[in-house]
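Structure file protein_26.json (JSON, C-alpha atoms) follows.
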[["chain", "number", "residue", "atom", "x", "y", "z"],
["A", 5, "MET", "CA", 51.38, 26.98, -14.09],
["A", 6, "SER", "CA", 48.08, 25.59, -12.77],
["A", 7, "ASP", "CA", 45.03, 27.68, -11.96],
["A", 8, "ARG", "CA", 43.81, 28.35, -8.43],
["A", 9, "PRO", "CA", 43.17, 25.11, -6.49],
["A", 10, "GLY", "CA", 39.51, 24.18, -6.27],
["A", 11, "ALA", "CA", 38.43, 26.13, -9.35],
["A", 12, "SER", "CA", 36.20, 24.23, -11.74],
["A", 13, "ALA", "CA", 37.21, 23.54, -15.35],
["A", 14, "PRO", "CA", 34.62, 26.04, -16.76],
["A", 15, "GLN", "CA", 35.91, 28.73, -14.37],
["A", 16, "GLN", "CA", 39.49, 28.07, -15.43],
["A", 17, "GLN", "CA", 38.49, 28.22, -19.10],
["A", 18, "ALA", "CA", 36.58, 31.46, -18.54],
["A", 19, "ARG", "CA", 39.64, 33.04, -16.93],
["A", 20, "ARG", "CA", 41.86, 31.89, -19.76],
["A", 21, "THR", "CA", 39.39, 33.29, -22.30],
["A", 22, "ALA", "CA", 39.25, 36.63, -20.49],
["A", 23, "ARG", "CA", 43.04, 36.83, -20.52],
["A", 24, "GLU", "CA", 43.08, 36.03, -24.23],
["A", 25, "VAL", "CA", 40.53, 38.75, -24.96],
["A", 26, "VAL", "CA", 42.48, 41.35, -22.99],
["A", 27, "LYS", "CA", 45.68, 40.37, -24.79],
["A", 28, "ALA", "CA", 43.81, 40.56, -28.11],
["A", 29, "TYR", "CA", 42.61, 44.11, -27.46],
["A", 30, "ILE", "CA", 46.14, 45.11, -26.50],
["A", 31, "ALA", "CA", 47.39, 43.49, -29.72],
["A", 32, "LEU", "CA", 44.98, 45.67, -31.71],
["A", 33, "THR", "CA", 47.04, 48.69, -30.67],
["A", 34, "LYS", "CA", 50.28, 47.19, -32.08],
["A", 35, "PRO", "CA", 52.36, 47.84, -28.92],
["A", 36, "ARG", "CA", 55.73, 47.39, -30.65],
["A", 37, "ILE", "CA", 54.92, 50.20, -33.08],
["A", 38, "ILE", "CA", 53.82, 52.40, -30.18],
["A", 39, "GLU", "CA", 57.16, 51.76, -28.47],
["A", 40, "LEU", "CA", 58.97, 52.98, -31.56],
["A", 41, "LEU", "CA", 56.85, 56.12, -31.75],
["A", 42, "LEU", "CA", 57.52, 56.94, -28.12],
["A", 43, "VAL", "CA", 61.25, 56.62, -28.73],
["A", 44, "THR", "CA", 60.98, 59.77, -30.84],
["A", 45, "THR", "CA", 58.63, 61.67, -28.53],
["A", 46, "ILE", "CA", 60.61, 61.95, -25.28],
["A", 47, "PRO", "CA", 63.89, 63.11, -26.89],
["A", 48, "THR", "CA", 62.00, 65.76, -28.86],
["A", 49, "MET", "CA", 60.43, 67.03, -25.63],
["A", 50, "ILE", "CA", 63.84, 67.20, -23.97],
["A", 51, "LEU", "CA", 65.28, 69.11, -26.94],
["A", 52, "ALA", "CA", 62.36, 71.54, -26.86],
["A", 53, "GLU", "CA", 62.96, 72.24, -23.16],
["A", 54, "ARG", "CA", 66.77, 71.99, -23.41],
["A", 55, "GLY", "CA", 66.47, 69.82, -20.33],
["A", 56, "TRP", "CA", 63.91, 67.66, -18.55],
["A", 57, "PRO", "CA", 60.43, 69.06, -19.32],
["A", 58, "GLY", "CA", 58.83, 67.69, -16.17],
["A", 59, "THR", "CA", 57.78, 64.16, -15.28],
["A", 60, "TRP", "CA", 54.04, 64.87, -15.32],
["A", 61, "LEU", "CA", 54.16, 66.47, -18.76],
["A", 62, "VAL", "CA", 56.20, 63.58, -20.16],
["A", 63, "LEU", "CA", 53.83, 60.99, -18.67],
["A", 64, "ALA", "CA", 50.77, 62.87, -19.88],
["A", 65, "THR", "CA", 52.19, 63.09, -23.39],
["A", 66, "LEU", "CA", 53.18, 59.42, -23.45],
["A", 67, "ILE", "CA", 49.78, 58.27, -22.18],
["A", 68, "GLY", "CA", 47.90, 60.41, -24.68],
["A", 69, "GLY", "CA", 50.26, 59.48, -27.49],
["A", 70, "SER", "CA", 49.97, 55.78, -26.74],
["A", 71, "ALA", "CA", 46.17, 55.98, -26.77],
["A", 72, "ALA", "CA", 46.18, 57.90, -30.06],
["A", 73, "ALA", "CA", 48.57, 55.48, -31.74],
["A", 74, "GLY", "CA", 46.56, 52.57, -30.38],
["A", 75, "ALA", "CA", 43.40, 54.03, -31.86],
["A", 76, "ALA", "CA", 44.98, 54.53, -35.28],
["A", 77, "ASN", "CA", 46.40, 51.00, -35.28],
["A", 78, "THR", "CA", 43.03, 49.56, -34.24],
["A", 79, "PHE", "CA", 41.30, 51.32, -37.14],
["A", 80, "ASN", "CA", 44.02, 49.94, -39.42],
["A", 81, "MET", "CA", 43.33, 46.39, -38.26],
["A", 82, "ILE", "CA", 39.58, 46.83, -38.73],
["A", 83, "TYR", "CA", 39.91, 48.09, -42.29],
["A", 84, "ASP", "CA", 42.63, 45.59, -43.23],
["A", 85, "ARG", "CA", 40.93, 42.53, -41.78],
["A", 86, "ASP", "CA", 40.29, 41.11, -45.26],
["A", 87, "ILE", "CA", 43.92, 41.19, -46.32],
["A", 88, "ASP", "CA", 45.08, 40.15, -42.83],
["A", 89, "ARG", "CA", 43.21, 36.87, -43.36],
["A", 90, "VAL", "CA", 45.21, 36.26, -46.54],
["A", 91, "MET", "CA", 48.68, 37.19, -45.33],
["A", 92, "GLN", "CA", 50.63, 34.52, -43.46],
["A", 93, "ARG", "CA", 52.16, 36.88, -40.93],
["A", 94, "THR", "CA", 48.88, 38.63, -40.04],
["A", 95, "ARG", "CA", 46.22, 35.94, -40.15],
["A", 96, "LYS", "CA", 46.51, 35.37, -36.38],
["A", 97, "ARG", "CA", 45.70, 38.98, -35.56],
["A", 98, "PRO", "CA", 42.72, 39.41, -33.20],
["A", 99, "ILE", "CA", 40.00, 40.14, -35.79],
["A", 100, "PRO", "CA", 40.92, 37.48, -38.42],
["A", 101, "ALA", "CA", 41.40, 34.98, -35.59],
["A", 102, "GLY", "CA", 37.88, 35.68, -34.35],
["A", 103, "ILE", "CA", 38.93, 36.76, -30.85],
["A", 104, "VAL", "CA", 37.68, 40.34, -31.26],
["A", 105, "SER", "CA", 34.59, 41.34, -33.25],
["A", 106, "VAL", "CA", 34.63, 44.23, -35.71],
["A", 107, "ARG", "CA", 32.04, 46.04, -33.58],
["A", 108, "GLY", "CA", 34.10, 45.53, -30.44],
["A", 109, "ALA", "CA", 37.25, 46.75, -32.15],
["A", 110, "LEU", "CA", 35.45, 49.81, -33.55],
["A", 111, "ILE", "CA", 34.11, 50.81, -30.14],
["A", 112, "PHE", "CA", 37.56, 50.28, -28.65],
["A", 113, "GLY", "CA", 39.27, 52.35, -31.35],
["A", 114, "LEU", "CA", 36.77, 55.22, -31.15],
["A", 115, "THR", "CA", 37.07, 55.27, -27.38],
["A", 116, "LEU", "CA", 40.86, 55.51, -27.55],
["A", 117, "ALA", "CA", 40.71, 58.20, -30.26],
["A", 118, "VAL", "CA", 38.24, 60.44, -28.43],
["A", 119, "ALA", "CA", 39.96, 59.90, -25.08],
["A", 120, "SER", "CA", 43.41, 60.71, -26.49],
["A", 121, "VAL", "CA", 42.34, 63.98, -28.10],
["A", 122, "LEU", "CA", 40.42, 65.09, -24.99],
["A", 123, "TRP", "CA", 43.37, 64.05, -22.81],
["A", 124, "PHE", "CA", 45.74, 66.30, -24.73],
["A", 125, "ALA", "CA", 43.25, 69.18, -24.87],
["A", 126, "LEU", "CA", 42.48, 69.10, -21.14],
["A", 127, "LEU", "CA", 45.79, 68.02, -19.62],
["A", 128, "VAL", "CA", 48.47, 69.19, -22.08],
["A", 129, "ASN", "CA", 47.42, 71.89, -24.56],
["A", 130, "LEU", "CA", 45.20, 72.50, -27.57],
["A", 131, "PRO", "CA", 47.93, 72.49, -30.28],
["A", 132, "SER", "CA", 49.08, 69.01, -29.26],
["A", 133, "ALA", "CA", 45.44, 67.84, -29.23],
["A", 134, "LEU", "CA", 44.89, 69.08, -32.78],
["A", 135, "LEU", "CA", 48.11, 67.45, -33.96],
["A", 136, "THR", "CA", 47.03, 64.20, -32.29],
["A", 137, "LEU", "CA", 43.70, 64.24, -34.11],
["A", 138, "THR", "CA", 45.55, 64.94, -37.37],
["A", 139, "ALA", "CA", 47.88, 61.98, -36.79],
["A", 140, "ILE", "CA", 44.99, 59.58, -36.21],
["A", 141, "VAL", "CA", 43.19, 60.72, -39.37],
["A", 142, "LEU", "CA", 46.36, 60.60, -41.46],
["A", 143, "TYR", "CA", 47.05, 56.98, -40.51],
["A", 144, "ALA", "CA", 43.51, 55.61, -40.38],
["A", 145, "VAL", "CA", 42.23, 57.39, -43.50],
["A", 146, "GLY", "CA", 45.21, 58.71, -45.45],
["A", 147, "TYR", "CA", 47.41, 55.63, -45.26],
["A", 148, "THR", "CA", 45.08, 52.74, -44.46],
["A", 149, "MET", "CA", 42.03, 53.62, -46.57],
["A", 150, "ILE", "CA", 43.48, 55.67, -49.42],
["A", 151, "LEU", "CA", 47.17, 54.95, -50.03],
["A", 152, "LYS", "CA", 47.98, 51.43, -48.91],
["A", 153, "ARG", "CA", 46.07, 49.56, -51.60],
["A", 154, "ARG", "CA", 46.49, 52.09, -54.39],
["A", 155, "THR", "CA", 50.13, 53.08, -54.73],
["A", 156, "ALA", "CA", 53.61, 51.65, -54.30],
["A", 157, "GLN", "CA", 54.48, 54.91, -52.54],
["A", 158, "ASN", "CA", 52.05, 54.06, -49.75],
["A", 159, "ILE", "CA", 54.73, 53.81, -47.08],
["A", 160, "VAL", "CA", 56.43, 57.02, -48.17],
["A", 161, "TRP", "CA", 53.43, 59.32, -47.84],
["A", 162, "GLY", "CA", 51.53, 57.19, -45.37],
["A", 163, "GLY", "CA", 54.56, 57.39, -43.12],
["A", 164, "ILE", "CA", 53.74, 61.03, -42.39],
["A", 165, "ALA", "CA", 51.47, 59.83, -39.59],
["A", 166, "GLY", "CA", 54.44, 58.13, -37.96],
["A", 167, "CYS", "CA", 56.34, 61.42, -38.02],
["A", 168, "MET", "CA", 53.69, 63.29, -36.04],
["A", 169, "PRO", "CA", 54.88, 62.30, -32.52],
["A", 170, "VAL", "CA", 57.86, 64.65, -32.82],
["A", 171, "LEU", "CA", 55.56, 67.57, -33.59],
["A", 172, "ILE", "CA", 53.19, 66.53, -30.80],
["A", 173, "GLY", "CA", 56.06, 66.19, -28.32],
["A", 174, "TRP", "CA", 57.49, 69.59, -29.21],
["A", 175, "SER", "CA", 54.11, 71.34, -29.06],
["A", 176, "ALA", "CA", 53.35, 69.66, -25.72],
["A", 177, "VAL", "CA", 56.35, 71.48, -24.25],
["A", 178, "THR", "CA", 56.23, 74.81, -26.07],
["A", 179, "GLY", "CA", 52.63, 75.16, -27.23],
["A", 180, "SER", "CA", 53.93, 75.91, -30.72],
["A", 181, "LEU", "CA", 56.25, 74.57, -33.44],
["A", 182, "ALA", "CA", 59.67, 75.59, -34.75],
["A", 183, "VAL", "CA", 62.24, 74.55, -37.34],
["A", 184, "ALA", "CA", 63.89, 71.84, -35.21],
["A", 185, "PRO", "CA", 60.83, 69.57, -34.84],
["A", 186, "PHE", "CA", 60.22, 69.74, -38.58],
["A", 187, "VAL", "CA", 63.81, 68.61, -39.19],
["A", 188, "LEU", "CA", 63.20, 65.67, -36.84],
["A", 189, "PHE", "CA", 59.91, 65.11, -38.68],
["A", 190, "LEU", "CA", 61.90, 64.75, -41.91],
["A", 191, "VAL", "CA", 64.38, 62.39, -40.24],
["A", 192, "VAL", "CA", 61.52, 60.01, -39.40],
["A", 193, "PHE", "CA", 59.86, 60.62, -42.79],
["A", 194, "PHE", "CA", 62.96, 59.55, -44.74],
["A", 195, "TRP", "CA", 63.69, 56.76, -42.24],
["A", 196, "THR", "CA", 60.34, 55.02, -42.76],
["A", 197, "PRO", "CA", 60.99, 53.53, -46.25],
["A", 198, "PRO", "CA", 64.48, 52.14, -45.39],
["A", 199, "HIS", "CA", 62.85, 50.64, -42.31],
["A", 200, "TYR", "CA", 59.73, 49.18, -43.89],
["A", 201, "TRP", "CA", 60.75, 48.25, -47.44],
["A", 202, "PRO", "CA", 63.30, 45.62, -46.29],
["A", 203, "LEU", "CA", 60.52, 43.97, -44.28],
["A", 204, "SER", "CA", 58.28, 44.14, -47.35],
["A", 205, "MET", "CA", 61.02, 42.49, -49.40],
["A", 206, "LYS", "CA", 60.95, 39.50, -47.10],
["A", 207, "PHE", "CA", 57.15, 39.25, -47.10],
["A", 208, "LYS", "CA", 56.46, 40.41, -50.66],
["A", 209, "GLY", "CA", 54.73, 37.11, -51.42],
["A", 210, "ASP", "CA", 52.22, 37.88, -48.69],
["A", 211, "TYR", "CA", 51.61, 41.38, -50.00],
["A", 212, "ALA", "CA", 51.27, 40.12, -53.56],
["A", 213, "ALA", "CA", 48.72, 37.50, -52.49],
["A", 214, "ALA", "CA", 46.73, 40.20, -50.69],
["A", 215, "GLY", "CA", 46.90, 42.58, -53.64],
["A", 216, "VAL", "CA", 48.83, 45.28, -51.78],
["A", 217, "PRO", "CA", 51.18, 47.09, -54.20],
["A", 218, "MET", "CA", 54.16, 47.50, -51.91],
["A", 219, "LEU", "CA", 57.23, 48.67, -53.81],
["A", 220, "PRO", "CA", 59.02, 45.28, -53.51],
["A", 221, "VAL", "CA", 55.94, 43.64, -55.07],
["A", 222, "VAL", "CA", 55.76, 45.85, -58.14],
["A", 223, "SER", "CA", 59.47, 46.60, -58.65],
["A", 224, "SER", "CA", 62.74, 44.69, -58.80],
["A", 225, "ASP", "CA", 65.05, 44.29, -55.82],
["A", 226, "LEU", "CA", 67.46, 46.70, -57.51],
["A", 227, "VAL", "CA", 64.83, 49.44, -57.76],
["A", 228, "VAL", "CA", 63.83, 48.92, -54.13],
["A", 229, "ALA", "CA", 67.46, 48.96, -52.95],
["A", 230, "ARG", "CA", 68.12, 52.14, -54.93],
["A", 231, "ASN", "CA", 65.13, 53.85, -53.35],
["A", 232, "ILE", "CA", 66.23, 52.70, -49.90],
["A", 233, "LEU", "CA", 69.65, 54.20, -50.58],
["A", 234, "ILE", "CA", 68.19, 57.54, -51.70],
["A", 235, "HIS", "CA", 65.94, 57.84, -48.66],
["A", 236, "THR", "CA", 68.77, 56.81, -46.34],
["A", 237, "PHE", "CA", 71.09, 59.56, -47.50],
["A", 238, "ALA", "CA", 68.28, 62.11, -47.36],
["A", 239, "MET", "CA", 67.66, 60.99, -43.77],
["A", 240, "ILE", "CA", 71.34, 61.27, -42.84],
["A", 241, "ALA", "CA", 71.43, 64.76, -44.38],
["A", 242, "CYS", "CA", 68.51, 65.79, -42.15],
["A", 243, "THR", "CA", 70.25, 64.48, -39.02],
["A", 244, "LEU", "CA", 73.24, 66.63, -39.91],
["A", 245, "ALA", "CA", 71.08, 69.65, -40.75],
["A", 246, "LEU", "CA", 69.79, 69.51, -37.19],
["A", 247, "ILE", "CA", 73.27, 70.42, -35.88],
["A", 248, "PRO", "CA", 73.23, 74.12, -36.91],
["A", 249, "LEU", "CA", 69.45, 74.51, -36.89],
["A", 250, "ALA", "CA", 69.01, 73.25, -33.32],
["A", 251, "ASP", "CA", 72.46, 74.25, -32.03],
["A", 252, "MET", "CA", 73.45, 70.65, -31.24],
["A", 253, "SER", "CA", 76.74, 69.95, -29.48],
["A", 254, "MET", "CA", 79.76, 67.92, -30.57],
["A", 255, "PHE", "CA", 78.28, 64.90, -28.77],
["A", 256, "TYR", "CA", 75.25, 64.70, -31.05],
["A", 257, "THR", "CA", 77.40, 65.54, -34.07],
["A", 258, "VAL", "CA", 79.71, 62.56, -33.50],
["A", 259, "VAL", "CA", 76.82, 60.16, -32.89],
["A", 260, "ALA", "CA", 74.98, 61.36, -36.01],
["A", 261, "ILE", "CA", 78.08, 60.98, -38.20],
["A", 262, "VAL", "CA", 79.11, 57.56, -36.88],
["A", 263, "ALA", "CA", 75.59, 56.09, -36.83],
["A", 264, "GLY", "CA", 74.86, 57.55, -40.26],
["A", 265, "ALA", "CA", 78.05, 56.12, -41.73],
["A", 266, "ARG", "CA", 77.28, 52.67, -40.33],
["A", 267, "PHE", "CA", 73.68, 52.55, -41.51],
["A", 268, "GLY", "CA", 74.55, 54.19, -44.82],
["A", 269, "TRP", "CA", 77.14, 51.49, -45.47],
["A", 270, "ARG", "CA", 74.56, 48.83, -44.67],
["A", 271, "THR", "CA", 72.18, 50.20, -47.30],
["A", 272, "ILE", "CA", 75.02, 50.52, -49.81],
["A", 273, "ASP", "CA", 75.79, 46.86, -49.21],
["A", 274, "LEU", "CA", 72.13, 46.00, -49.84],
["A", 275, "TYR", "CA", 72.26, 47.93, -53.13],
["A", 276, "ARG", "CA", 75.48, 46.18, -54.18],
["A", 277, "HIS", "CA", 73.94, 42.76, -53.57],
["A", 278, "ALA", "CA", 70.78, 43.75, -55.44],
["A", 279, "ARG", "CA", 72.89, 44.90, -58.37],
["A", 280, "HIS", "CA", 75.03, 41.78, -58.30],
["A", 281, "PRO", "CA", 72.85, 38.88, -57.08],
["A", 282, "ASP", "CA", 75.78, 36.50, -57.51],
["A", 283, "LYS", "CA", 77.47, 38.12, -54.49],
["A", 284, "GLY", "CA", 75.02, 36.40, -52.16],
["A", 285, "PRO", "CA", 71.64, 36.96, -50.49],
["A", 286, "LEU", "CA", 70.30, 40.48, -49.99],
["A", 287, "LYS", "CA", 70.08, 40.30, -46.18],
["A", 288, "ALA", "CA", 67.24, 42.81, -46.26],
["A", 289, "MET", "CA", 66.16, 41.98, -42.72],
["A", 290, "ARG", "CA", 69.56, 43.07, -41.43],
["A", 291, "VAL", "CA", 68.76, 46.54, -42.79],
["A", 292, "PHE", "CA", 65.33, 46.37, -41.15],
["A", 293, "HIS", "CA", 66.76, 45.54, -37.72],
["A", 294, "GLU", "CA", 69.62, 48.01, -37.98],
["A", 295, "SER", "CA", 67.20, 50.77, -38.97],
["A", 296, "ILE", "CA", 65.60, 50.44, -35.53],
["A", 297, "THR", "CA", 69.00, 50.65, -33.84],
["A", 298, "TYR", "CA", 69.92, 53.66, -35.96],
["A", 299, "LEU", "CA", 66.78, 55.65, -35.15],
["A", 300, "SER", "CA", 67.12, 54.78, -31.47],
["A", 301, "LEU", "CA", 70.73, 56.01, -31.42],
["A", 302, "ILE", "CA", 69.87, 59.28, -33.17],
["A", 303, "PHE", "CA", 67.03, 60.12, -30.81],
["A", 304, "LEU", "CA", 68.99, 58.96, -27.77],
["A", 305, "ALA", "CA", 71.69, 61.42, -28.80],
["A", 306, "VAL", "CA", 69.01, 64.12, -29.18],
["A", 307, "ALA", "CA", 67.81, 63.36, -25.64],
["A", 308, "LEU", "CA", 71.26, 63.33, -24.07],
["A", 309, "ASP", "CA", 72.70, 66.29, -25.96],
["A", 310, "PRO", "CA", 71.38, 69.09, -23.69],
["A", 311, "PHE", "CA", 72.72, 67.32, -20.60],
["A", 312, "VAL", "CA", 76.08, 66.35, -22.09],
["A", 313, "GLU", "CA", 76.53, 69.89, -23.41],
["A", 314, "LYS", "CA", 76.08, 71.32, -19.92],
["A", 315, "LEU", "CA", 78.53, 68.82, -18.44],
["A", 316, "LEU", "CA", 81.29, 68.85, -21.04],
["A", 317, "PHE", "CA", 81.08, 71.85, -23.32]]
What is this structure when it is put down as structure tokens?
Amino acid sequence: MSDRPGASAPQQQARRTAREVVKAYIALTKPRIIELLLVTTIPTMILAERGWPGTWLVLATLIGGSAAAGAANTFNMIYDRDIDRVMQRTRKRPIPAGIVSVRGALIFGLTLAVASVLWFALLVNLPSALLTLTAIVLYAVGYTMILKRRTAQNIVWGGIAGCMPVLIGWSAVTGSLAVAPFVLFLVVFFWTPPHYWPLSMKFKGDYAAAGVPMLPVVSSDLVVARNILIHTFAMIACTLALIPLADMSMFYTVVAIVAGARFGWRTIDLYRHARHPDKGPLKAMRVFHESITYLSLIFLAVALDPFVEKLLF
């Protein structure tokens, strides 16, 4: 598509550059990760209310949560800019590519962080603001600065930050916490390794070159597959534990059992292929993609359960 008729070449180039810069700043926030986090937030809010918690509250929580996640991801890109230059799949990120300066990214990240915490404190409630601040620190400092480059369990414990949206969503509605959000917290906690380790298996050469000790880099495929299997079944157990603890209906129960059986079988198949390489390729990325579908189905069932229960049970 051509630019506006009559515009000079320098003007056209300036507009294109401005668009690139805006896109680069958006890329700093890792929008696809934010989408995944929000998938867990809205259903948790609906479960907390046992119905729709109000459009304004949902929007306020999503806006604040997106800003907080964007801040944490921006800090991650700033700190990891050295290894991002080395890794094939990350070298085109905004900072290694030279589109955004470190100073610009830092100002952007700090602005998002401060704004998100104040947003929650002023427009939602103080508990959700404190949990938001905790989530940013856990990801930016706990995972990015301390764990990622030091231990093969980086994703396991660093993943705690990714579990925080369920606590934030619940506290946004109730102003407090209960057993149910912590069960959902554990669902996401145990889901993170089966989601991320398959991706790391595909790109373990990148991680090895960058000196990041992801589990697939320092351990065999069999060890990784076994750990994926263990975390998967712990995750499925948590989804089932939610049934009595949150008084879930038969609708959620059926979805949790069927989705758990399907994803569990997929991870068993990965383990079988890792144990017997002659049976064919591992197909780790299939587990990665199906993990997203699985989590989406579980939280969709959480969101729909209060409404289906009123209609059918």
Within 12 Å of stretch 184-198 of chain A: each stretch 21-47 of chain A residue with its shortest pair, all atoms listed in the file, as JSON lines:
{"residue": "A:Leu40", "atom": "CA", "partner": "A:Val192", "partner_atom": "CA", "distance": 10.8}
{"residue": "A:Leu41", "atom": "CA", "partner": "A:Val192", "partner_atom": "CA", "distance": 9.8}
{"residue": "A:Val43", "atom": "CA", "partner": "A:Val192", "partner_atom": "CA", "distance": 11.2}
{"residue": "A:Thr44", "atom": "CA", "partner": "A:Val192", "partner_atom": "CA", "distance": 8.6}
{"residue": "A:Thr45", "atom": "CA", "partner": "A:Leu188", "partner_atom": "CA", "distance": 10.3}
{"residue": "A:Pro47", "atom": "CA", "partner": "A:Leu188", "partner_atom": "CA", "distance": 10.3}
Residues within 10 Å of A:Arg154, all atoms listed in the file, excluding chain neighbours under 2 positions, as a VMD selection string | chain A and resid 147 149 to 152 156 to 158 215 to 218
Top pick for closest residue to A:Leu316, considering A:Phe255, A:Ala71, A:Gly108, A:Thr48 and counting only C-alpha atoms | A:Phe255
Which residues come within 12 Å of A:Asn231, counting only C-alpha atoms, excluding same-chain residues fewer than 3 positions away, as JSON, numbers by chain?
-> {"A": [156, 157, 160, 194, 195, 196, 197, 198, 199, 200, 201, 202, 219, 220, 223, 224, 225, 226, 227, 228, 234, 235, 236, 237, 238, 271, 272, 274, 275, 278]}
For the atom pair atom CA of A:Gly162 and atom CA of A:Leu142, what is the interatomic distance in Å to one decimal place?
->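 Atom-to-atom, atom CA of A:Gly162 and atom CA of A:Leu142 are spaced 7.3 Å apart.
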Exercise: A:Ala76 partners within 9 Å, only C-alpha atoms, chain neighbours under 2 positions left out, as a PyMOL selection string | chain A and resi 33+71-74+78-81+113+116-117+139-144
Sorted per-residue table, stretch 123-227 of chain A near stretch 84-98 of chain A, closest atoms and distance, 9 Å, all atoms listed in the file, as CSV:
residue,atom,partner,partner_atom,distance
A:Thr148,CA,A:Asp84,CA,7.7
A:Met149,CA,A:Asp84,CA,8.7
A:Phe207,CA,A:Arg93,CA,8.3
A:Gly209,CA,A:Met91,CA,8.6
A:Asp210,CA,A:Met91,CA,4.9
A:Tyr211,CA,A:Met91,CA,6.9
A:Ala213,CA,A:Val90,CA,7.0
A:Ala214,CA,A:Ile87,CA,5.3
A:Gly215,CA,A:Ile87,CA,8.0
A:Val216,CA,A:Ile87,CA,8.4
Can you pull out every residue within 9 Å of A:Leu135, counting only C-alpha atoms, but drop anything in the same chain fewer than 6 positions away, and send it as number ranges by chain?
-> A: 121, 168-169, 171-172, 175
Given all atoms listed in the file as the counted atoms, nearest of A:Cys167, A:Arg107, A:Ala307, A:Asn129 to A:Gly68 |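 Smallest separation from A:Gly68 among the options: A:Asn129.
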In Å to one decimal, how far is atom CA of A:Met289 from atom CA of A:Leu203?
->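 Interatomic distance here is 6.2 Å.
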Return the single residue from A:Ala31, A:Ile103, A:Ala176, A:Ile50 that is closest to A:Leu134, with distances computed using all atoms listed in the file.
->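 Closest candidate: A:Ala176.
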Atom CA of A:Ala250 to atom CA of A:Arg36, straight-line distance in Å | 29.2 Å
Which is closest to A:Met49 among A:Phe303, A:Phe267, A:Trp174, A:Trp123, if we use all atoms listed in the file?
->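 Of A:Phe303, A:Phe267, A:Trp174, A:Trp123, the one nearest A:Met49 is A:Trp174, counting all atoms listed in the file.
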Rank nothing, just name the residue among A:Ala182, A:Ile99, A:Ile67, A:Ala229 nearest to A:Ala288, using all atoms listed in the file.
->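 Of the candidates, the smallest distance to A:Ala288 is held by A:Ala229.
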Is it possible to get the axis-aligned box enclosing stretch 95-109 of chain A (all listed atoms, 3 Å extra per side) as AutoDock Vina command-line options, with centre and edge lengths in Å rounded to one decimal?
--center_x 39.3 --center_y 40.9 --center_z -35.3 --size_x 20.5 --size_y 17.8 --size_z 15.7
